[in-house]
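Heads up: the structure comes next, in structure tokens.
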Amino acid sequence: MKCMMIGDIFGRPGRRAVRECLAGLVSEHGVDFVVANAENAAAGFGLTEDIAQDLFSNGVDLLTGGNHSWDKRQGHDLLDNNERVLRPHNYPASNPGSGIAVVPCDGVKVAVLNLQGRVFMPLTHCPFATADRLLESIQDEADVILVDFHGEATSEKLAMGWHLDGRVSALVGTHTHVPTADARVFPGGMAYVTDLGMTGPHESIIGVKIEQSLSRFLHGRSDTRFEPASGDVRLQGVVIDIDETSGKARDIVRVEGCVQ
Ligand SMILES: [Fe+2]
């Protein structure tokens, strides 16, 4: 089967990229299942019910999250009520939602795990131990296992890759919004890329208007508003070819769509 994983959808421009580019990429690559990180889909901060429905109706099958999953209060209910909306599982269990789902796709049981790194990120439980526990909990329940590891540090994402190779079909990194050129299949059959990139405005500083983000670096203050930029809107992600009988990946390729 072919699974597409889409880099962080940023604000209205990112949602537009999904609307205008996803269907074409899905048919071009014969994609069966689409996962997208949507923690920045609501103006850069969080996710709402309406936005989730818009993304689902435009071809996304499951949404993952990250440190911004909590930014919109109404998004908390969504995390509790929709099993296809995930947040990193290694946040304390007192929070709404979950970081694991097993959903059917044309007779194949697809598991998606969402975890968050701890290097330069909010304090959470250990993502490595959490991954081990989650994989044990779905033993024999899933044919294909996809992991969104939301983190800042390339070293931590690679470490998780080597930790999970042979046990999952694919591990992709999200959060930094800058695509990395290291997509490959690990020796144990796990497709890997350190960062998917961003589905949103690329004439920006990771999605935010250049002058607003630059101002924080120039003046060292955090009282500037952050709003989504609007130029050079692209969808970025990967398509992973997976043998659903073994759960091993055959290939991973980068895909990109540009809004005209
Ligand atoms: Fe993030």
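We label chains A, B, ... in the order they appear in the structure tokens, count residues from 1 in each chain, and number ligands from 1 in the order shown.
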Using DSSP secondary structure from the backbone, list all helix (DSSP H, G or I) positions within stretch 56-232 of chain A, as a PyMOL selection string. chain A and resi 56-57+73-81+127-137+154-164+210-219
Residues of the last selection are to be written out with C-alpha atoms, as a compact mmCIF listing (two decimals), in the first residue's frame.
# COMPACT_ATOMS: atom_id res chain seq x y z
CA PHE A 56 -10.83 15.21 6.29
CA SER A 57 -13.19 16.23 3.48
CA ARG A 73 -9.56 25.02 23.79
CA GLN A 74 -12.25 23.62 21.45
CA GLY A 75 -9.63 21.33 19.96
CA HIS A 76 -9.48 19.50 23.29
CA ASP A 77 -12.97 18.00 22.76
CA LEU A 78 -11.92 16.95 19.29
CA LEU A 79 -9.02 15.01 20.79
CA ASP A 80 -11.42 13.16 23.08
CA ASN A 81 -14.18 12.60 20.50
CA PRO A 127 9.17 9.01 24.03
CA PHE A 128 11.37 5.91 23.64
CA ALA A 129 9.78 4.02 26.54
CA THR A 130 6.34 5.25 25.44
CA ALA A 131 6.95 3.91 21.93
CA ASP A 132 7.96 0.51 23.34
CA ARG A 133 4.82 0.37 25.46
CA LEU A 134 2.52 1.41 22.59
CA LEU A 135 4.04 -1.12 20.20
CA GLU A 136 3.56 -3.86 22.75
CA SER A 137 -0.08 -2.81 23.19
CA THR A 154 17.82 15.82 14.35
CA SER A 155 19.87 13.57 16.67
CA GLU A 156 16.83 12.63 18.75
CA LYS A 157 14.79 11.81 15.64
CA LEU A 158 17.59 9.62 14.25
CA ALA A 159 17.94 7.92 17.62
CA MET A 160 14.21 7.12 17.58
CA GLY A 161 14.61 5.86 14.02
CA TRP A 162 17.29 3.36 15.04
CA HIS A 163 15.27 2.45 18.14
CA LEU A 164 12.19 1.56 16.06
CA ILE A 210 9.05 37.31 8.23
CA GLU A 211 8.99 40.74 9.92
CA GLN A 212 7.16 39.39 13.00
CA SER A 213 9.51 36.46 13.60
CA LEU A 214 12.63 38.43 12.69
CA SER A 215 11.64 41.11 15.20
CA ARG A 216 11.93 38.61 18.06
CA PHE A 217 15.45 37.70 16.98
CA LEU A 218 16.48 41.34 16.51
CA HIS A 219 15.02 42.72 19.73
Kindly assemble as a tab-separated table a list of the chain A residues that lie within 9 Å of ligand 1, each paired with its nearest atom pair and their distance in Å to one decimal, using only C-alpha atoms and all ligand atoms, sorted first by chain and then by ascending residue number.
residue	atom	partner	partner_atom_place_in_ligand_line	distance
A:Asp8	CA	ligand 1	1 (Fe)	8.0
A:Glu39	CA	ligand 1	1 (Fe)	6.7
A:Asn40	CA	ligand 1	1 (Fe)	7.4
A:Gly65	CA	ligand 1	1 (Fe)	7.6
A:Gly66	CA	ligand 1	1 (Fe)	5.0
A:Asn67	CA	ligand 1	1 (Fe)	5.0
A:His68	CA	ligand 1	1 (Fe)	5.8
A:Ser69	CA	ligand 1	1 (Fe)	8.3
A:Gln116	CA	ligand 1	1 (Fe)	8.9
A:Met121	CA	ligand 1	1 (Fe)	8.8
A:His150	CA	ligand 1	1 (Fe)	6.5
A:Gly151	CA	ligand 1	1 (Fe)	7.2
A:Glu152	CA	ligand 1	1 (Fe)	8.2
A:Thr174	CA	ligand 1	1 (Fe)	7.1
A:His175	CA	ligand 1	1 (Fe)	4.1
A:Thr176	CA	ligand 1	1 (Fe)	7.0
A:His177	CA	ligand 1	1 (Fe)	8.5
Per-residue nearest contacts of stretch 15-45 of chain A to stretch 87-102 of chain A (12 Å; only C-alpha atoms) as CSV:
residue,atom,partner,partner_atom,distance
A:Val35,CA,A:Ala101,CA,11.7
A:Ala36,CA,A:Arg87,CA,12.0
A:Asn37,CA,A:Arg87,CA,9.6
A:Ala38,CA,A:Arg87,CA,9.8
A:Glu39,CA,A:Arg87,CA,8.5
Take the residues from that selection and write them out as a tab-separated table (two decimals), in the first residue's frame, keeping C-alpha atoms.
chain	number	residue	atom	x	y	z
A	35	VAL	CA	-1.66	11.28	7.50
A	36	ALA	CA	-1.08	15.00	8.12
A	37	ASN	CA	0.34	16.92	11.05
A	38	ALA	CA	-2.22	19.62	11.87
A	39	GLU	CA	-1.01	21.19	15.13
Would you tabulate, counting only C-alpha atoms, all residues of stretch 48-157 of chain A that have an atom at most 9 Å from an atom of stretch 225-245 of chain A, showing the closest pair of atoms and their distance in Å to one decimal, sorted by chain then ascending number, as a tab-separated table?
residue	atom	partner	partner_atom	distance
A:Val108	CA	A:Glu244	CA	7.1
A:Lys109	CA	A:Glu244	CA	8.9
A:Asp143	CA	A:Glu244	CA	5.9
A:Val144	CA	A:Glu244	CA	6.1
Requested write-out: all heavy atoms of the selected residues, as a PDB file, in the first residue's frame:
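Saved to part_3.pdb:
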ATOM      1  N   VAL A 108      -6.667  -3.331   5.276  1.00  0.00           N
ATOM      2  CA  VAL A 108      -5.375  -3.297   5.974  1.00  0.00           C
ATOM      3  C   VAL A 108      -5.569  -2.523   7.280  1.00  0.00           C
ATOM      4  O   VAL A 108      -6.215  -1.465   7.287  1.00  0.00           O
ATOM      5  CB  VAL A 108      -4.291  -2.594   5.109  1.00  0.00           C
ATOM      6  CG1 VAL A 108      -2.964  -2.530   5.845  1.00  0.00           C
ATOM      7  CG2 VAL A 108      -4.138  -3.294   3.773  1.00  0.00           C
ATOM      8  N   LYS A 109      -5.015  -3.075   8.381  1.00  0.00           N
ATOM      9  CA  LYS A 109      -5.109  -2.365   9.663  1.00  0.00           C
ATOM     10  C   LYS A 109      -3.891  -1.453   9.801  1.00  0.00           C
ATOM     11  O   LYS A 109      -2.754  -1.931   9.898  1.00  0.00           O
ATOM     12  CB  LYS A 109      -5.177  -3.360  10.824  1.00  0.00           C
ATOM     13  CG  LYS A 109      -6.533  -4.086  10.905  1.00  0.00           C
ATOM     14  CD  LYS A 109      -6.544  -5.166  11.948  1.00  0.00           C
ATOM     15  CE  LYS A 109      -5.870  -6.417  11.425  1.00  0.00           C
ATOM     16  NZ  LYS A 109      -5.849  -7.554  12.300  1.00  0.00           N
ATOM     17  N   ASP A 143      -1.248  -4.152  10.665  1.00  0.00           N
ATOM     18  CA  ASP A 143      -0.439  -4.652   9.549  1.00  0.00           C
ATOM     19  C   ASP A 143       0.668  -3.660   9.209  1.00  0.00           C
ATOM     20  O   ASP A 143       1.768  -4.044   8.820  1.00  0.00           O
ATOM     21  CB  ASP A 143      -1.318  -4.845   8.308  1.00  0.00           C
ATOM     22  CG  ASP A 143      -2.492  -5.771   8.593  1.00  0.00           C
ATOM     23  OD1 ASP A 143      -2.247  -6.877   9.105  1.00  0.00           O
ATOM     24  OD2 ASP A 143      -3.646  -5.379   8.327  1.00  0.00           O
ATOM     25  N   VAL A 144       0.337  -2.393   9.333  1.00  0.00           N
ATOM     26  CA  VAL A 144       1.244  -1.305   8.952  1.00  0.00           C
ATOM     27  C   VAL A 144       1.285  -0.336  10.126  1.00  0.00           C
ATOM     28  O   VAL A 144       0.252  -0.046  10.726  1.00  0.00           O
ATOM     29  CB  VAL A 144       0.698  -0.611   7.673  1.00  0.00           C
ATOM     30  CG1 VAL A 144       1.316   0.745   7.453  1.00  0.00           C
ATOM     31  CG2 VAL A 144       0.901  -1.512   6.450  1.00  0.00           C
TER      32      VAL A 144
END
Name all residues at most 9 Å from A:Gly188 (count only C-alpha atoms; drop same-chain ones fewer than 5 positions away) and give them as a PyMOL selection string. chain A and resi 165-167+248
Tell me which of A:Ala43, A:Val208, A:Leu196, A:Ala249 sits closest to A:Ala170, counting only C-alpha atoms.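 Using only C-alpha atoms, A:Ala170 sits closest to A:Ala249.
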Of the residues A:Arg84, A:Val259, A:Ser222, A:Ala41, which is the one nearest to A:His202, using only C-alpha atoms?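 Residue with the minimum atom-to-atom distance to A:His202: A:Val259.
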Mind checking which residues fall within 12 Å of stretch 19-33 of chain A, counting only C-alpha atoms, ignoring those fewer than 4 positions away in the same chain, and posting them as a PyMOL selection string? chain A and resi 1-6+9+12-15+51+54-63+103-112+144-146+199-200+233-242+244+252-260
Restricting it to C-alpha atoms, dump the selection as a PDB file, in the first residue's frame.
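Contents of selection00.pdb, as written:
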ATOM      1  CA  MET A   1       0.000   0.000   0.000  1.00  0.00           C
ATOM      2  CA  LYS A   2       1.025   3.611  -0.419  1.00  0.00           C
ATOM      3  CA  CYS A   3       0.853   5.993   2.539  1.00  0.00           C
ATOM      4  CA  MET A   4       1.384   9.724   2.277  1.00  0.00           C
ATOM      5  CA  MET A   5       2.566  11.697   5.296  1.00  0.00           C
ATOM      6  CA  ILE A   6       2.203  15.459   5.035  1.00  0.00           C
ATOM      7  CA  ILE A   9      -0.193  22.270   7.846  1.00  0.00           C
ATOM      8  CA  ARG A  12      -5.157  29.086   6.093  1.00  0.00           C
ATOM      9  CA  PRO A  13      -2.435  28.911   3.403  1.00  0.00           C
ATOM     10  CA  GLY A  14      -1.614  25.358   4.482  1.00  0.00           C
ATOM     11  CA  ARG A  15      -5.281  24.333   4.338  1.00  0.00           C
ATOM     12  CA  ILE A  51     -10.682  22.821  10.337  1.00  0.00           C
ATOM     13  CA  ASP A  54     -12.212  20.561   6.191  1.00  0.00           C
ATOM     14  CA  LEU A  55      -8.982  18.552   6.087  1.00  0.00           C
ATOM     15  CA  PHE A  56     -10.831  15.209   6.289  1.00  0.00           C
ATOM     16  CA  SER A  57     -13.185  16.225   3.475  1.00  0.00           C
ATOM     17  CA  ASN A  58     -10.193  17.119   1.311  1.00  0.00           C
ATOM     18  CA  GLY A  59      -8.609  13.685   1.528  1.00  0.00           C
ATOM     19  CA  VAL A  60      -6.708  13.467   4.829  1.00  0.00           C
ATOM     20  CA  ASP A  61      -7.458  10.237   6.724  1.00  0.00           C
ATOM     21  CA  LEU A  62      -5.821  10.984  10.082  1.00  0.00           C
ATOM     22  CA  LEU A  63      -4.411  14.070  11.828  1.00  0.00           C
ATOM     23  CA  VAL A 103      -7.856   2.291  11.657  1.00  0.00           C
ATOM     24  CA  PRO A 104      -8.900   0.179   8.672  1.00  0.00           C
ATOM     25  CA  CYS A 105      -7.904   1.050   5.108  1.00  0.00           C
ATOM     26  CA  ASP A 106      -9.106  -1.303   2.343  1.00  0.00           C
ATOM     27  CA  GLY A 107      -8.781  -4.343   4.588  1.00  0.00           C
ATOM     28  CA  VAL A 108      -5.375  -3.297   5.974  1.00  0.00           C
ATOM     29  CA  LYS A 109      -5.109  -2.365   9.663  1.00  0.00           C
ATOM     30  CA  VAL A 110      -3.070   0.838   9.836  1.00  0.00           C
ATOM     31  CA  ALA A 111      -1.692   1.975  13.188  1.00  0.00           C
ATOM     32  CA  VAL A 112      -0.530   5.557  13.638  1.00  0.00           C
ATOM     33  CA  VAL A 144       1.244  -1.305   8.952  1.00  0.00           C
ATOM     34  CA  ILE A 145       2.609   1.074  11.615  1.00  0.00           C
ATOM     35  CA  LEU A 146       3.294   4.766  10.901  1.00  0.00           C
ATOM     36  CA  THR A 199       2.456  22.587   4.135  1.00  0.00           C
ATOM     37  CA  GLY A 200       2.036  26.319   4.160  1.00  0.00           C
ATOM     38  CA  VAL A 233       2.458  28.186  -0.611  1.00  0.00           C
ATOM     39  CA  ARG A 234       3.459  24.536  -0.932  1.00  0.00           C
ATOM     40  CA  LEU A 235       2.419  21.105   0.288  1.00  0.00           C
ATOM     41  CA  GLN A 236       5.407  19.009   1.395  1.00  0.00           C
ATOM     42  CA  GLY A 237       5.537  15.386   2.457  1.00  0.00           C
ATOM     43  CA  VAL A 238       6.532  11.866   1.507  1.00  0.00           C
ATOM     44  CA  VAL A 239       4.919   8.852  -0.107  1.00  0.00           C
ATOM     45  CA  ILE A 240       5.906   5.509   1.399  1.00  0.00           C
ATOM     46  CA  ASP A 241       5.461   2.219  -0.434  1.00  0.00           C
ATOM     47  CA  ILE A 242       4.795  -0.509   2.141  1.00  0.00           C
ATOM     48  CA  GLU A 244       1.264  -4.685   3.931  1.00  0.00           C
ATOM     49  CA  ILE A 252      10.097   6.470   0.404  1.00  0.00           C
ATOM     50  CA  VAL A 253       9.974   9.467  -1.945  1.00  0.00           C
ATOM     51  CA  ARG A 254       9.539  13.161  -1.307  1.00  0.00           C
ATOM     52  CA  VAL A 255       6.521  14.872  -2.824  1.00  0.00           C
ATOM     53  CA  GLU A 256       5.696  18.540  -3.185  1.00  0.00           C
ATOM     54  CA  GLY A 257       2.781  20.487  -4.588  1.00  0.00           C
ATOM     55  CA  CYS A 258       2.714  24.243  -5.264  1.00  0.00           C
ATOM     56  CA  VAL A 259      -0.338  26.463  -5.046  1.00  0.00           C
ATOM     57  CA  GLN A 260      -0.588  28.492  -8.262  1.00  0.00           C
TER      58      GLN A 260
END
How many Å lie between atom CA of A:Asp71 and atom CA of A:Val85, rounded to one decimal? 14.6 Å
Identify all residues of stretch 61-135 of chain A in strand (DSSP E or B) (DSSP on the backbone) and supply them as a PyMOL selection string. chain A and resi 62-64+85+100-105+108-116
For the residues selected in the previous step, produce a file with N, CA and C atoms as a PDB file, in the first residue's frame.
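Written out: part.pdb:
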ATOM      1  N   LEU A  62      -6.124  10.931   8.645  1.00  0.00           N
ATOM      2  CA  LEU A  62      -5.821  10.984  10.082  1.00  0.00           C
ATOM      3  C   LEU A  62      -4.910  12.180  10.366  1.00  0.00           C
ATOM      4  N   LEU A  63      -5.181  12.870  11.477  1.00  0.00           N
ATOM      5  CA  LEU A  63      -4.411  14.070  11.828  1.00  0.00           C
ATOM      6  C   LEU A  63      -3.564  13.814  13.075  1.00  0.00           C
ATOM      7  N   THR A  64      -2.301  14.217  13.024  1.00  0.00           N
ATOM      8  CA  THR A  64      -1.436  14.118  14.195  1.00  0.00           C
ATOM      9  C   THR A  64      -1.181  15.523  14.753  1.00  0.00           C
ATOM     10  N   VAL A  85      -7.944  11.976  15.371  1.00  0.00           N
ATOM     11  CA  VAL A  85      -7.173  13.178  15.701  1.00  0.00           C
ATOM     12  C   VAL A  85      -6.278  12.838  16.896  1.00  0.00           C
ATOM     13  N   ILE A 100      -2.365   7.275  19.787  1.00  0.00           N
ATOM     14  CA  ILE A 100      -2.349   6.039  19.006  1.00  0.00           C
ATOM     15  C   ILE A 100      -3.741   5.738  18.463  1.00  0.00           C
ATOM     16  N   ALA A 101      -3.771   5.263  17.222  1.00  0.00           N
ATOM     17  CA  ALA A 101      -5.033   4.827  16.615  1.00  0.00           C
ATOM     18  C   ALA A 101      -4.725   3.667  15.686  1.00  0.00           C
ATOM     19  N   VAL A 102      -5.647   2.708  15.621  1.00  0.00           N
ATOM     20  CA  VAL A 102      -5.548   1.648  14.615  1.00  0.00           C
ATOM     21  C   VAL A 102      -6.824   1.733  13.789  1.00  0.00           C
ATOM     22  N   VAL A 103      -6.674   2.074  12.502  1.00  0.00           N
ATOM     23  CA  VAL A 103      -7.856   2.291  11.657  1.00  0.00           C
ATOM     24  C   VAL A 103      -7.764   1.420  10.407  1.00  0.00           C
ATOM     25  N   PRO A 104      -8.922   1.020   9.873  1.00  0.00           N
ATOM     26  CA  PRO A 104      -8.900   0.179   8.672  1.00  0.00           C
ATOM     27  C   PRO A 104      -8.730   1.005   7.407  1.00  0.00           C
ATOM     28  N   CYS A 105      -8.045   0.404   6.422  1.00  0.00           N
ATOM     29  CA  CYS A 105      -7.904   1.050   5.108  1.00  0.00           C
ATOM     30  C   CYS A 105      -7.890  -0.071   4.073  1.00  0.00           C
ATOM     31  N   VAL A 108      -6.667  -3.331   5.276  1.00  0.00           N
ATOM     32  CA  VAL A 108      -5.375  -3.297   5.974  1.00  0.00           C
ATOM     33  C   VAL A 108      -5.569  -2.523   7.280  1.00  0.00           C
ATOM     34  N   LYS A 109      -5.015  -3.075   8.381  1.00  0.00           N
ATOM     35  CA  LYS A 109      -5.109  -2.365   9.663  1.00  0.00           C
ATOM     36  C   LYS A 109      -3.891  -1.453   9.801  1.00  0.00           C
ATOM     37  N   VAL A 110      -4.147  -0.148   9.785  1.00  0.00           N
ATOM     38  CA  VAL A 110      -3.070   0.838   9.836  1.00  0.00           C
ATOM     39  C   VAL A 110      -3.022   1.460  11.231  1.00  0.00           C
ATOM     40  N   ALA A 111      -1.880   1.316  11.891  1.00  0.00           N
ATOM     41  CA  ALA A 111      -1.692   1.975  13.188  1.00  0.00           C
ATOM     42  C   ALA A 111      -0.891   3.253  12.981  1.00  0.00           C
ATOM     43  N   VAL A 112      -1.303   4.312  13.663  1.00  0.00           N
ATOM     44  CA  VAL A 112      -0.530   5.557  13.638  1.00  0.00           C
ATOM     45  C   VAL A 112      -0.189   5.914  15.076  1.00  0.00           C
ATOM     46  N   LEU A 113       1.101   6.193  15.307  1.00  0.00           N
ATOM     47  CA  LEU A 113       1.585   6.610  16.627  1.00  0.00           C
ATOM     48  C   LEU A 113       2.089   8.036  16.523  1.00  0.00           C
ATOM     49  N   ASN A 114       1.807   8.836  17.532  1.00  0.00           N
ATOM     50  CA  ASN A 114       2.263  10.217  17.592  1.00  0.00           C
ATOM     51  C   ASN A 114       3.042  10.398  18.898  1.00  0.00           C
ATOM     52  N   LEU A 115       4.323  10.785  18.755  1.00  0.00           N
ATOM     53  CA  LEU A 115       5.189  10.967  19.922  1.00  0.00           C
ATOM     54  C   LEU A 115       5.891  12.304  19.808  1.00  0.00           C
ATOM     55  N   GLN A 116       6.428  12.793  20.918  1.00  0.00           N
ATOM     56  CA  GLN A 116       7.133  14.079  20.886  1.00  0.00           C
ATOM     57  C   GLN A 116       8.507  13.956  21.533  1.00  0.00           C
TER      58      GLN A 116
END
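Every protein or nucleic acid residue with an atom no more than 10 Å from A:Ala181, counting only C-alpha atoms and leaving out same-chain residues fewer than 3 positions away, appears here: Val178, Arg184, Val193, Thr194, Asp195, Leu196 and Arg254 of chain A.
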Take the residues that were just selected and, keeping N, CA and C atoms, output them as a short mmCIF file (atom, residue, chain, number, x, y, z; two decimals), in the first residue's frame.
data_model
loop_
_atom_site.label_atom_id
_atom_site.label_comp_id
_atom_site.auth_asym_id
_atom_site.auth_seq_id
_atom_site.Cartn_x
_atom_site.Cartn_y
_atom_site.Cartn_z
N VAL A 178 11.17 22.45 8.18
CA VAL A 178 12.21 22.55 7.14
C VAL A 178 12.51 21.14 6.65
N ARG A 184 15.05 7.71 3.44
CA ARG A 184 15.64 6.42 3.08
C ARG A 184 14.93 5.30 3.84
N VAL A 193 12.43 9.74 7.48
CA VAL A 193 12.92 11.07 7.10
C VAL A 193 12.92 11.94 8.36
N THR A 194 13.97 12.73 8.54
CA THR A 194 14.09 13.53 9.76
C THR A 194 13.02 14.61 9.85
N ASP A 195 12.72 15.29 8.75
CA ASP A 195 11.60 16.23 8.80
C ASP A 195 10.86 16.30 7.47
N LEU A 196 9.54 16.23 7.53
CA LEU A 196 8.71 16.23 6.33
C LEU A 196 8.70 17.58 5.63
N ARG A 254 10.06 11.83 -1.67
CA ARG A 254 9.54 13.16 -1.31
C ARG A 254 8.52 13.61 -2.35
#
Report, in Å with one decimal, the straight-line distance from atom CA of A:Arg250 to atom CA of A:Val168. 12.6 Å
At what distance in Å, to one decimal, does atom CA of A:Ser246 lie from atom CA of A:Asp182?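 Spanning atom CA of A:Asp182 to atom CA of A:Ser246 is a straight-line distance of 23.7 Å.
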